[in-house]
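S.K.: My structure is in query-v8.txt, and what it holds is compact mmCIF, C-alpha atoms:
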```txt
# COMPACT_ATOMS: atom_id res chain seq x y z
CA MET B 879 -37.06 -0.16 15.72
CA LYS B 880 -36.78 2.74 18.11
CA LEU B 881 -38.33 0.95 21.11
CA LEU B 882 -35.70 -1.79 20.95
CA GLU B 883 -32.83 0.63 20.28
CA ASP B 884 -33.87 2.72 23.28
CA ARG B 885 -33.95 -0.38 25.46
CA ILE B 886 -30.48 -1.41 24.25
CA ARG B 887 -29.18 2.07 25.08
CA THR B 888 -30.66 2.08 28.58
CA GLU B 889 -30.15 -1.55 29.63
CA GLY B 890 -27.45 -2.90 27.32
CA ILE B 891 -23.94 -3.36 28.73
CA VAL B 892 -20.97 -3.33 26.36
CA LYS B 893 -18.26 -5.79 27.37
CA SER B 894 -14.79 -6.27 25.92
CA GLY B 895 -14.57 -8.26 22.69
CA ASN B 896 -17.59 -6.56 21.11
CA ILE B 897 -19.94 -8.39 23.45
CA LEU B 898 -23.30 -6.71 24.12
CA ARG B 899 -25.09 -7.96 27.21
CA VAL B 900 -28.85 -7.55 26.96
CA ASP B 901 -29.73 -10.30 29.39
CA SER B 902 -31.99 -8.06 31.49
CA PHE B 903 -34.69 -8.07 28.79
CA LEU B 904 -33.78 -10.36 25.86
CA ASN B 905 -32.07 -13.63 26.65
CA HIS B 906 -31.91 -14.54 30.33
CA GLN B 907 -34.55 -12.30 31.81
CA MET B 908 -37.23 -11.69 29.17
CA ASP B 909 -39.55 -8.72 28.75
CA ALA B 910 -42.56 -10.30 27.08
CA ALA B 911 -44.28 -6.93 26.59
CA LEU B 912 -41.29 -5.80 24.53
CA PHE B 913 -41.32 -9.14 22.67
CA ARG B 914 -44.97 -8.43 21.77
CA GLU B 915 -44.05 -5.11 20.14
CA MET B 916 -41.14 -6.76 18.32
CA ALA B 917 -43.44 -9.51 17.06
CA ARG B 918 -45.90 -6.91 15.77
CA GLU B 919 -43.05 -5.16 13.96
CA TRP B 920 -42.01 -8.43 12.26
CA LYS B 921 -45.67 -9.01 11.39
CA ARG B 922 -45.70 -5.62 9.62
CA ARG B 923 -42.39 -6.25 7.84
CA PHE B 924 -43.48 -9.72 6.69
CA ALA B 925 -47.07 -8.77 5.90
CA GLY B 926 -48.71 -10.91 3.23
CA THR B 927 -46.08 -13.63 3.32
CA GLU B 928 -48.43 -16.29 4.72
CA VAL B 929 -46.05 -17.70 7.30
CA THR B 930 -47.10 -21.17 8.51
CA LYS B 931 -44.21 -21.89 10.88
CA ILE B 932 -41.79 -19.93 13.04
CA LEU B 933 -38.42 -21.67 13.41
CA THR B 934 -35.81 -20.76 16.02
CA ILE B 935 -33.03 -22.43 17.98
CA GLU B 936 -32.86 -23.08 21.69
CA ALA B 937 -32.65 -21.40 24.05
CA SER B 938 -32.65 -17.62 23.60
CA GLY B 939 -34.91 -17.56 20.55
CA ILE B 940 -37.77 -19.53 22.11
CA GLY B 941 -39.54 -16.69 23.90
CA LEU B 942 -39.46 -14.45 20.84
CA ALA B 943 -40.63 -17.29 18.60
CA CYS B 944 -43.52 -18.15 20.88
CA ILE B 945 -44.86 -14.60 21.10
CA ALA B 946 -44.36 -14.13 17.34
CA ALA B 947 -46.21 -17.37 16.61
CA GLU B 948 -49.25 -15.89 18.36
CA GLU B 949 -49.03 -12.78 16.15
CA PHE B 950 -48.64 -14.81 12.96
CA GLY B 951 -51.29 -17.35 14.01
CA CYS B 952 -49.05 -20.37 13.51
CA ARG B 953 -46.99 -22.78 15.58
CA ALA B 954 -43.34 -22.25 16.54
CA VAL B 955 -40.63 -24.90 16.49
CA PHE B 956 -37.25 -24.73 18.13
CA ALA B 957 -34.30 -26.64 16.75
CA LYS B 958 -32.59 -28.62 19.51
CA LYS B 959 -28.91 -28.72 20.31
CA THR B 960 -27.90 -32.31 20.89
CA ALA B 961 -24.82 -34.16 22.02
CA GLY B 962 -25.07 -36.11 18.79
CA ASN B 963 -26.96 -39.01 20.35
CA ASN B 964 -30.40 -38.15 18.98
CA MET B 965 -29.49 -38.60 15.34
CA ASP B 966 -32.29 -40.85 14.26
CA ALA B 967 -34.06 -40.97 10.92
CA ASP B 968 -36.92 -38.81 12.16
CA VAL B 969 -34.94 -35.56 12.26
CA TYR B 970 -33.27 -33.12 9.96
CA ALA B 971 -29.80 -32.40 11.33
CA THR B 972 -27.13 -29.80 10.77
CA LYS B 973 -24.06 -28.44 12.53
CA ILE B 974 -23.80 -24.93 13.96
CA THR B 975 -20.60 -23.39 15.29
CA SER B 976 -21.00 -21.09 18.28
CA PHE B 977 -18.07 -18.69 18.49
CA THR B 978 -19.21 -17.26 21.83
CA LYS B 979 -19.41 -20.75 23.33
CA GLY B 980 -16.40 -22.02 21.37
CA ARG B 981 -17.98 -25.25 20.20
CA VAL B 982 -19.90 -26.98 17.43
CA TYR B 983 -23.47 -28.13 18.07
CA ASP B 984 -25.41 -30.82 16.30
CA VAL B 985 -28.81 -29.23 15.80
CA VAL B 986 -31.95 -31.18 14.94
CA VAL B 987 -35.60 -30.62 14.17
CA SER B 988 -38.22 -33.35 13.89
CA LYS B 989 -39.34 -34.11 10.33
CA ARG B 990 -42.92 -34.04 11.64
CA PHE B 991 -42.71 -30.31 12.35
CA LEU B 992 -41.05 -28.98 9.20
CA THR B 993 -42.52 -30.08 5.89
CA LYS B 994 -42.47 -29.10 2.23
CA ASP B 995 -45.80 -27.33 2.68
CA ASP B 996 -44.41 -24.98 5.32
CA ARG B 997 -43.65 -21.31 4.71
CA VAL B 998 -41.03 -20.63 7.35
CA LEU B 999 -39.98 -17.46 9.14
CA ILE B 1000 -36.72 -17.96 11.06
CA LEU B 1001 -36.33 -15.84 14.21
CA ASP B 1002 -33.38 -15.39 16.55
CA ASP B 1003 -32.14 -12.95 19.15
CA PHE B 1004 -28.69 -12.17 17.68
CA LEU B 1005 -27.01 -12.19 14.28
CA ALA B 1006 -23.22 -11.89 14.16
CA ASN B 1007 -21.36 -14.17 11.74
CA GLY B 1008 -24.54 -15.87 10.58
CA CYS B 1009 -23.68 -19.45 11.54
CA ALA B 1010 -26.93 -20.08 13.41
CA LEU B 1011 -29.11 -18.63 10.62
CA LEU B 1012 -27.27 -20.60 7.93
CA GLY B 1013 -27.78 -23.77 9.96
CA LEU B 1014 -31.49 -23.11 10.40
CA MET B 1015 -31.79 -22.30 6.67
CA ASP B 1016 -30.14 -25.65 5.95
CA LEU B 1017 -32.87 -27.38 8.01
CA VAL B 1018 -35.59 -25.52 6.07
CA ASN B 1019 -33.91 -26.52 2.82
CA GLN B 1020 -33.64 -30.20 3.84
CA ALA B 1021 -37.38 -30.18 4.58
CA GLY B 1022 -38.14 -28.75 1.14
CA ALA B 1023 -40.00 -25.95 2.91
CA THR B 1024 -40.19 -22.36 1.65
CA LEU B 1025 -38.09 -19.79 3.47
CA VAL B 1026 -40.10 -16.58 3.82
CA GLY B 1027 -37.26 -14.75 5.53
CA CYS B 1028 -35.37 -14.16 8.74
CA GLY B 1029 -36.17 -11.86 11.66
CA ILE B 1030 -33.43 -10.86 14.09
CA ALA B 1031 -33.66 -8.80 17.25
CA ILE B 1032 -30.10 -7.41 17.27
CA GLU B 1033 -27.73 -7.61 14.30
CA LYS B 1034 -24.06 -6.87 14.78
CA GLY B 1035 -23.65 -4.82 11.61
CA PHE B 1036 -19.87 -4.79 11.95
CA GLN B 1037 -19.74 -8.58 11.49
CA ASP B 1038 -20.45 -10.14 8.12
CA GLY B 1039 -23.45 -12.40 8.83
CA GLY B 1040 -26.07 -9.89 7.70
CA ARG B 1041 -24.30 -9.13 4.43
CA LYS B 1042 -23.84 -12.86 3.69
CA ILE B 1043 -27.52 -13.62 4.28
CA ARG B 1044 -28.78 -10.61 2.28
CA ASP B 1045 -26.38 -11.42 -0.59
CA MET B 1046 -28.14 -14.80 -0.84
CA GLY B 1047 -31.35 -12.92 -1.63
CA VAL B 1048 -32.95 -13.69 1.72
CA LYS B 1049 -35.33 -11.12 3.21
CA LEU B 1050 -33.61 -10.33 6.52
CA GLU B 1051 -35.28 -7.97 8.98
CA SER B 1052 -33.20 -6.97 11.97
CA LEU B 1053 -35.01 -4.75 14.45
CA ALA B 1054 -31.79 -3.08 15.62
CA ILE B 1055 -28.50 -3.04 13.73
CA LEU B 1056 -25.40 -2.17 15.71
CA GLU B 1057 -22.96 -0.13 13.66
CA SER B 1058 -20.33 0.17 16.34
CA MET B 1059 -19.76 -0.38 20.05
CA GLU B 1060 -16.27 1.18 20.16
CA GLY B 1061 -15.31 2.59 23.52
CA GLY B 1062 -18.58 1.33 24.95
CA MET B 1063 -20.55 3.82 22.79
CA ILE B 1064 -23.42 2.14 20.96
CA THR B 1065 -24.33 3.51 17.53
CA PHE B 1066 -27.06 2.05 15.34
CA ARG B 1067 -27.29 1.87 11.56
CA GLU B 1068 -29.59 4.65 10.37
CA ASN B 1069 -31.77 2.75 7.90
CA ASP B 1070 -32.90 -0.19 10.01
CA MET Q 1499 -57.82 -28.21 32.58
CA LYS Q 1500 -60.01 -29.82 29.97
CA LEU Q 1501 -58.47 -28.02 26.98
CA LEU Q 1502 -55.02 -29.38 27.81
CA GLU Q 1503 -56.30 -32.86 28.65
CA ASP Q 1504 -58.12 -33.00 25.33
CA ARG Q 1505 -54.97 -31.98 23.50
CA ILE Q 1506 -52.95 -34.64 25.31
CA ARG Q 1507 -55.54 -37.25 24.35
CA THR Q 1508 -55.56 -36.25 20.68
CA GLU Q 1509 -51.87 -35.44 20.09
CA GLY Q 1510 -49.99 -37.17 22.91
CA ILE Q 1511 -48.07 -40.35 22.12
CA VAL Q 1512 -47.38 -42.85 24.89
CA LYS Q 1513 -43.98 -44.49 24.57
CA SER Q 1514 -42.50 -47.34 26.57
CA GLY Q 1515 -41.08 -46.46 29.99
CA ASN Q 1516 -43.99 -44.18 30.91
CA ILE Q 1517 -42.80 -41.55 28.43
CA LEU Q 1518 -45.47 -39.19 27.09
CA ARG Q 1519 -44.51 -37.39 23.91
CA VAL Q 1520 -46.29 -34.07 23.55
CA ASP Q 1521 -43.73 -32.46 21.29
CA SER Q 1522 -46.28 -31.45 18.66
CA PHE Q 1523 -47.67 -28.71 20.91
CA LEU Q 1524 -45.69 -28.36 24.15
CA ASN Q 1525 -41.94 -28.76 23.97
CA HIS Q 1526 -40.47 -28.95 20.48
CA GLN Q 1527 -43.26 -27.54 18.40
CA MET Q 1528 -45.21 -25.03 20.52
CA ASP Q 1529 -48.85 -23.99 20.28
CA ALA Q 1530 -48.77 -20.45 21.62
CA ALA Q 1531 -52.56 -20.10 21.49
CA LEU Q 1532 -52.83 -23.07 23.85
CA PHE Q 1533 -50.06 -21.56 26.02
CA ARG Q 1534 -52.18 -18.40 26.26
CA GLU Q 1535 -55.14 -20.35 27.67
CA MET Q 1536 -52.84 -22.20 30.06
CA ALA Q 1537 -51.34 -18.91 31.23
CA ARG Q 1538 -54.83 -17.51 31.87
CA GLU Q 1539 -55.67 -20.60 33.91
CA TRP Q 1540 -52.54 -20.15 36.06
CA LYS Q 1541 -53.48 -16.47 36.44
CA ARG Q 1542 -56.87 -17.56 37.80
CA ARG Q 1543 -55.36 -20.16 40.13
CA PHE Q 1544 -52.75 -17.72 41.45
CA ALA Q 1545 -55.07 -14.71 41.58
CA GLY Q 1546 -54.11 -12.12 44.18
CA THR Q 1547 -50.63 -13.50 44.78
CA GLU Q 1548 -48.84 -10.46 43.30
CA VAL Q 1549 -46.28 -12.38 41.27
CA THR Q 1550 -43.29 -10.20 40.28
CA LYS Q 1551 -41.22 -12.82 38.48
CA ILE Q 1552 -41.80 -16.02 36.52
CA LEU Q 1553 -38.92 -18.49 36.85
CA THR Q 1554 -38.40 -21.50 34.60
CA ILE Q 1555 -35.55 -23.61 33.26
CA GLU Q 1556 -34.32 -23.89 29.71
CA ALA Q 1557 -35.42 -24.98 27.24
CA SER Q 1558 -38.97 -26.39 27.30
CA GLY Q 1559 -40.32 -24.01 29.95
CA ILE Q 1560 -39.31 -20.80 28.18
CA GLY Q 1561 -42.29 -20.44 25.85
CA LEU Q 1562 -44.79 -21.06 28.65
CA ALA Q 1563 -42.95 -18.66 30.96
CA CYS Q 1564 -42.86 -15.92 28.36
CA ILE Q 1565 -46.58 -16.07 27.59
CA ALA Q 1566 -47.41 -16.33 31.30
CA ALA Q 1567 -45.22 -13.31 32.06
CA GLU Q 1568 -47.42 -11.27 29.74
CA GLU Q 1569 -50.53 -12.43 31.61
CA PHE Q 1570 -49.02 -11.69 35.03
CA GLY Q 1571 -47.50 -8.38 33.85
CA CYS Q 1572 -43.98 -9.23 34.98
CA ARG Q 1573 -40.70 -10.43 33.51
CA ALA Q 1574 -39.70 -14.06 33.06
CA VAL Q 1575 -36.29 -15.53 33.79
CA PHE Q 1576 -34.96 -18.87 32.69
CA ALA Q 1577 -32.33 -20.72 34.70
CA LYS Q 1578 -29.48 -21.80 32.46
CA LYS Q 1579 -27.91 -25.23 32.25
CA THR Q 1580 -24.15 -24.83 32.20
CA ALA Q 1581 -21.16 -27.05 31.75
CA GLY Q 1582 -19.97 -25.75 35.09
CA ASN Q 1583 -17.73 -23.07 33.60
CA ASN Q 1584 -19.98 -20.09 34.33
CA MET Q 1585 -19.81 -20.42 38.09
CA ASP Q 1586 -18.94 -16.86 38.94
CA ALA Q 1587 -20.00 -14.83 41.94
CA ASP Q 1588 -22.82 -13.17 40.05
CA VAL Q 1589 -25.07 -16.24 39.93
CA TYR Q 1590 -27.06 -18.48 42.20
CA ALA Q 1591 -26.23 -22.07 41.31
CA THR Q 1592 -27.72 -25.46 42.01
CA LYS Q 1593 -27.58 -28.99 40.60
CA ILE Q 1594 -30.48 -30.71 38.87
CA THR Q 1595 -30.53 -34.38 37.91
CA SER Q 1596 -32.31 -35.18 34.66
CA PHE Q 1597 -33.41 -38.81 34.65
CA THR Q 1598 -34.62 -38.67 31.06
CA LYS Q 1599 -31.26 -37.29 29.90
CA GLY Q 1600 -29.31 -39.36 32.41
CA ARG Q 1601 -27.08 -36.57 33.67
CA VAL Q 1602 -26.63 -33.85 36.28
CA TYR Q 1603 -26.80 -30.21 35.21
CA ASP Q 1604 -25.31 -27.22 36.93
CA VAL Q 1605 -28.08 -24.65 36.74
CA VAL Q 1606 -27.58 -20.94 37.32
CA VAL Q 1607 -29.55 -17.73 37.44
CA SER Q 1608 -28.05 -14.26 37.60
CA LYS Q 1609 -28.30 -12.56 41.00
CA ARG Q 1610 -29.47 -9.45 39.17
CA PHE Q 1611 -32.72 -11.13 38.11
CA LEU Q 1612 -33.81 -12.85 41.32
CA THR Q 1613 -33.84 -10.72 44.47
CA LYS Q 1614 -35.26 -10.77 47.98
CA ASP Q 1615 -38.04 -8.44 46.84
CA ASP Q 1616 -39.31 -10.89 44.20
CA ARG Q 1617 -42.49 -12.92 44.56
CA VAL Q 1618 -41.75 -15.87 42.29
CA LEU Q 1619 -43.99 -18.23 40.36
CA ILE Q 1620 -42.06 -21.22 39.03
CA LEU Q 1621 -43.37 -22.72 35.78
CA ASP Q 1622 -42.34 -25.83 33.89
CA ASP Q 1623 -43.74 -28.18 31.28
CA PHE Q 1624 -43.41 -31.50 33.17
CA LEU Q 1625 -43.30 -32.68 36.76
CA ALA Q 1626 -42.20 -36.25 37.44
CA ASN Q 1627 -39.80 -36.84 40.33
CA GLY Q 1628 -39.59 -33.14 41.14
CA CYS Q 1629 -35.83 -32.67 40.71
CA ALA Q 1630 -36.17 -29.63 38.44
CA LEU Q 1631 -38.72 -27.90 40.71
CA LEU Q 1632 -36.65 -28.56 43.83
CA GLY Q 1633 -33.61 -27.08 42.08
CA LEU Q 1634 -35.52 -23.97 41.02
CA MET Q 1635 -36.94 -23.64 44.54
CA ASP Q 1636 -33.37 -23.79 45.85
CA LEU Q 1637 -32.46 -20.83 43.59
CA VAL Q 1638 -35.47 -18.85 44.89
CA ASN Q 1639 -34.42 -19.66 48.44
CA GLN Q 1640 -30.80 -18.61 47.85
CA ALA Q 1641 -32.07 -15.26 46.55
CA GLY Q 1642 -34.17 -14.77 49.66
CA ALA Q 1643 -37.17 -14.31 47.35
CA THR Q 1644 -40.72 -15.37 48.20
CA LEU Q 1645 -42.04 -18.48 46.47
CA VAL Q 1646 -45.66 -17.90 45.50
CA GLY Q 1647 -46.04 -21.38 44.05
CA CYS Q 1648 -45.39 -23.67 41.11
CA GLY Q 1649 -47.36 -24.12 37.91
CA ILE Q 1650 -46.90 -27.27 35.84
CA ALA Q 1651 -48.39 -28.18 32.48
CA ILE Q 1652 -48.36 -31.98 32.88
CA GLU Q 1653 -47.76 -33.77 36.16
CA LYS Q 1654 -47.03 -37.48 36.18
CA GLY Q 1655 -49.24 -38.30 39.15
CA PHE Q 1656 -47.85 -41.82 39.38
CA GLN Q 1657 -44.39 -40.44 40.23
CA ASP Q 1658 -43.73 -38.85 43.59
CA GLY Q 1659 -42.64 -35.30 42.68
CA GLY Q 1660 -46.07 -33.76 43.13
CA ARG Q 1661 -46.61 -35.32 46.55
CA LYS Q 1662 -43.14 -34.24 47.72
CA ILE Q 1663 -43.70 -30.62 46.66
CA ARG Q 1664 -47.22 -30.41 48.13
CA ASP Q 1665 -46.03 -32.02 51.39
CA MET Q 1666 -43.63 -29.08 51.71
CA GLY Q 1667 -46.65 -26.77 51.81
CA VAL Q 1668 -46.01 -25.34 48.36
CA LYS Q 1669 -49.01 -24.31 46.25
CA LEU Q 1670 -48.60 -26.53 43.20
CA GLU Q 1671 -51.02 -26.15 40.29
CA SER Q 1672 -50.70 -28.76 37.55
CA LEU Q 1673 -53.05 -28.21 34.61
CA ALA Q 1674 -53.21 -31.92 33.77
CA ILE Q 1675 -52.32 -34.76 36.13
CA LEU Q 1676 -51.70 -38.15 34.57
CA GLU Q 1677 -52.99 -40.95 36.75
CA SER Q 1678 -51.88 -43.75 34.49
CA MET Q 1679 -50.62 -44.45 30.96
CA GLU Q 1680 -50.76 -48.24 31.24
CA GLY Q 1681 -51.18 -50.02 27.94
CA GLY Q 1682 -51.00 -46.67 26.16
CA MET Q 1683 -54.34 -45.60 27.74
CA ILE Q 1684 -54.13 -42.15 29.26
CA THR Q 1685 -56.24 -41.48 32.36
CA PHE Q 1686 -56.22 -38.20 34.25
CA ARG Q 1687 -56.71 -37.53 37.93
CA GLU Q 1688 -60.29 -36.35 38.48
CA ASN Q 1689 -59.74 -33.39 40.77
CA ASP Q 1690 -57.15 -31.45 38.80
```
Write out the structure in this file as structure tokens.
M.R.:
Amino acid sequence: MKLLEDRIRTEGIVKSGNILRVDSFLNHQMDAALFREMAREWKRRFAGTEVTKILTIEASGIGLACIAAEEFGCRAVFAKKTAGNNMDADVYATKITSFTKGRVYDVVVSKRFLTKDDRVLILDDFLANGCALLGLMDLVNQAGATLVGCGIAIEKGFQDGGRKIRDMGVKLESLAILESMEGGMITFREND
Amino acid sequence: MKLLEDRIRTEGIVKSGNILRVDSFLNHQMDAALFREMAREWKRRFAGTEVTKILTIEASGIGLACIAAEEFGCRAVFAKKTAGNNMDADVYATKITSFTKGRVYDVVVSKRFLTKDDRVLILDDFLANGCALLGLMDLVNQAGATLVGCGIAIEKGFQDGGRKIRDMGVKLESLAILESMEGGMITFREND
């Protein structure tokens, strides 16, 4: 998506360790007008899929999910990171490893908000190794819901998360796919 | 705001300890169409105040802030809860006590996203004792920014946060003010 790629080029900051900082518009400060265009793009790419629920994980995905839910005309749910003390019978729970934070999170979603009748679109800001997406897919699976697909803002194409998810037959739509950030130079995959 | 009060009456669940669960539409599952109407109401109540930045705190405030930012035509920023290991020179930091979670959070916002030129509207989902709002106001103050006011979805009128904030001369606009939840019966303050 050219609008997002342009924004990454102008506002993104490449840090050592293949870190891309886009916190001026995506995940600390948020540009809701850009989110609106991204949501419309996901709506086009998932046209006709009859999404009934947007699922994301706190915190960075929430803004995107909320704007997208308006476009899709459904409610959004965010999975919560817990310290492991909310593990009651009313939630689906899974574990997600965050490599950037260097820890494992217990992640839960209330059984009331994810059911077998739901057709779920998972959204998140970043895709790298795929741990967060796989965890969210596990929650969808536990609920017996139907996974429509996954929408990502920025995929790190040089890590293996995207390939893993697509190899599972999941429709994965990343709006910008980073091919390389070597030497601070950002290049995008051509066919995104 | 009648729309929100009606939703609280129909979907809210009163739990022991004066806890109101509104997680089906406000802070776990999110009804973005309702958020849109709430954002428009805040826009009316803060008309002419030239807001340049919406500030909230993760995670529950993010969806509201993002939709409101679209209405106000500005960017939203969420203050981040940290484990105290992100305390570098690039952030404003404060401490916020969460009574529901029973802990103290270090809360930070990047200095790049809150400046002396900003006119800030603080938004959050709940107001009880006011700790979160006071912490966010401290961040605005550290930045030398101008506080336009605070917008709250649900104020617990029987706790003292609202009075404290208003006594400071801050324009505080809560869209629903709970007067009492005794015996599971929800009553709202008349003049909200």
S.K.: What residues in chain B lie within 10 Å of chain Q, counting only C-alpha atoms, written as a ChimeraX atom specification?
M.R.: /B:901-914,931-933,935-949,951-958,987-988,990-992
S.K.: Between atom CA of Lys1662 of chain Q and atom CA of Glu1539 of chain Q, what is the distance, to one decimal in Å?
M.R.: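 These two atoms are separated by 23.1 Å.
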S.K.: To one decimal place in Å, what is the distance between atom CA of Ile1043 of chain B and atom CA of Gly1062 of chain B?
M.R.: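 These two atoms are separated by 27.0 Å.
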S.K.: Go ahead and fit an axis-aligned box to every listed atom of segment 1033-1049 of chain B plus 6 Å each side, and pass me the centre and edge lengths in Å, one decimal, as AutoDock Vina command-line options.
M.R.:
```
--center_x -27.5 --center_y -9.8 --center_z 6.6 --size_x 27.6 --size_y 22.0 --size_z 28.4
```
S.K.: Can you tell me which residues surround Leu1625 of chain Q at a distance of at most 7 Å, considering all atoms listed in the file, apart from same-chain residues fewer than 6 positions away, and format the answer as a PyMOL selection string?
M.R.: chain Q and resi 1650+1652-1654+1659
S.K.: Neighbours of Ile974 of chain B within 12 Å (only C-alpha atoms; same-chain residues fewer than 3 positions away dropped), as a CSV table (one decimal) with C-alpha atoms, in the coordinates of the input?
M.R.:
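Okay, this is what ended up in out-v4.csv:
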```
chain,number,residue,atom,x,y,z
B,935,ILE,CA,-33.0,-22.4,18.0
B,957,ALA,CA,-34.3,-26.6,16.8
B,958,LYS,CA,-32.6,-28.6,19.5
B,959,LYS,CA,-28.9,-28.7,20.3
B,960,THR,CA,-27.9,-32.3,20.9
B,971,ALA,CA,-29.8,-32.4,11.3
B,977,PHE,CA,-18.1,-18.7,18.5
B,978,THR,CA,-19.2,-17.3,21.8
B,979,LYS,CA,-19.4,-20.8,23.3
B,980,GLY,CA,-16.4,-22.0,21.4
B,981,ARG,CA,-18.0,-25.2,20.2
B,982,VAL,CA,-19.9,-27.0,17.4
B,983,TYR,CA,-23.5,-28.1,18.1
B,984,ASP,CA,-25.4,-30.8,16.3
B,985,VAL,CA,-28.8,-29.2,15.8
B,986,VAL,CA,-32.0,-31.2,14.9
B,1007,ASN,CA,-21.4,-14.2,11.7
B,1008,GLY,CA,-24.5,-15.9,10.6
B,1009,CYS,CA,-23.7,-19.4,11.5
B,1010,ALA,CA,-26.9,-20.1,13.4
B,1011,LEU,CA,-29.1,-18.6,10.6
B,1012,LEU,CA,-27.3,-20.6,7.9
B,1013,GLY,CA,-27.8,-23.8,10.0
B,1014,LEU,CA,-31.5,-23.1,10.4
B,1015,MET,CA,-31.8,-22.3,6.7
B,1016,ASP,CA,-30.1,-25.6,6.0
B,1017,LEU,CA,-32.9,-27.4,8.0
```
S.K.: Would you mind putting N, CA and C atoms back on segment 1588-1604 of chain Q and writing the result as a CSV table (one decimal), keeping the file's coordinate frame?
M.R.:
```csv
chain,number,residue,atom,x,y,z
Q,1588,ASP,N,-21.6,-13.9,40.4
Q,1588,ASP,CA,-22.8,-13.2,40.0
Q,1588,ASP,C,-24.1,-14.0,39.9
Q,1589,VAL,N,-23.9,-15.3,40.1
Q,1589,VAL,CA,-25.1,-16.2,39.9
Q,1589,VAL,C,-25.4,-17.1,41.2
Q,1590,TYR,N,-26.7,-17.4,41.3
Q,1590,TYR,CA,-27.1,-18.5,42.2
Q,1590,TYR,C,-27.0,-19.8,41.4
Q,1591,ALA,N,-26.4,-20.8,42.0
Q,1591,ALA,CA,-26.2,-22.1,41.3
Q,1591,ALA,C,-26.8,-23.3,42.1
Q,1592,THR,N,-27.3,-24.2,41.4
Q,1592,THR,CA,-27.7,-25.5,42.0
Q,1592,THR,C,-27.5,-26.6,41.0
Q,1593,LYS,N,-27.7,-27.8,41.5
Q,1593,LYS,CA,-27.6,-29.0,40.6
Q,1593,LYS,C,-28.9,-29.7,40.4
Q,1594,ILE,N,-29.2,-30.0,39.2
Q,1594,ILE,CA,-30.5,-30.7,38.9
Q,1594,ILE,C,-30.2,-32.0,38.1
Q,1595,THR,N,-30.7,-33.1,38.6
Q,1595,THR,CA,-30.5,-34.4,37.9
Q,1595,THR,C,-31.7,-34.6,36.9
Q,1596,SER,N,-31.3,-34.8,35.7
Q,1596,SER,CA,-32.3,-35.2,34.7
Q,1596,SER,C,-32.3,-36.7,34.4
Q,1597,PHE,N,-33.4,-37.4,34.8
Q,1597,PHE,CA,-33.4,-38.8,34.6
Q,1597,PHE,C,-33.6,-39.2,33.2
Q,1598,THR,N,-34.4,-38.4,32.5
Q,1598,THR,CA,-34.6,-38.7,31.1
Q,1598,THR,C,-33.3,-38.5,30.3
Q,1599,LYS,N,-32.5,-37.5,30.6
Q,1599,LYS,CA,-31.3,-37.3,29.9
Q,1599,LYS,C,-30.1,-38.1,30.5
Q,1600,GLY,N,-30.3,-38.6,31.8
Q,1600,GLY,CA,-29.3,-39.4,32.4
Q,1600,GLY,C,-28.1,-38.6,32.8
Q,1601,ARG,N,-28.3,-37.3,33.2
Q,1601,ARG,CA,-27.1,-36.6,33.7
Q,1601,ARG,C,-27.5,-35.5,34.7
Q,1602,VAL,N,-26.4,-34.9,35.3
Q,1602,VAL,CA,-26.6,-33.8,36.3
Q,1602,VAL,C,-26.2,-32.5,35.6
Q,1603,TYR,N,-27.1,-31.5,35.7
Q,1603,TYR,CA,-26.8,-30.2,35.2
Q,1603,TYR,C,-26.5,-29.2,36.3
Q,1604,ASP,N,-25.5,-28.4,36.1
Q,1604,ASP,CA,-25.3,-27.2,36.9
Q,1604,ASP,C,-26.2,-26.2,36.3
```
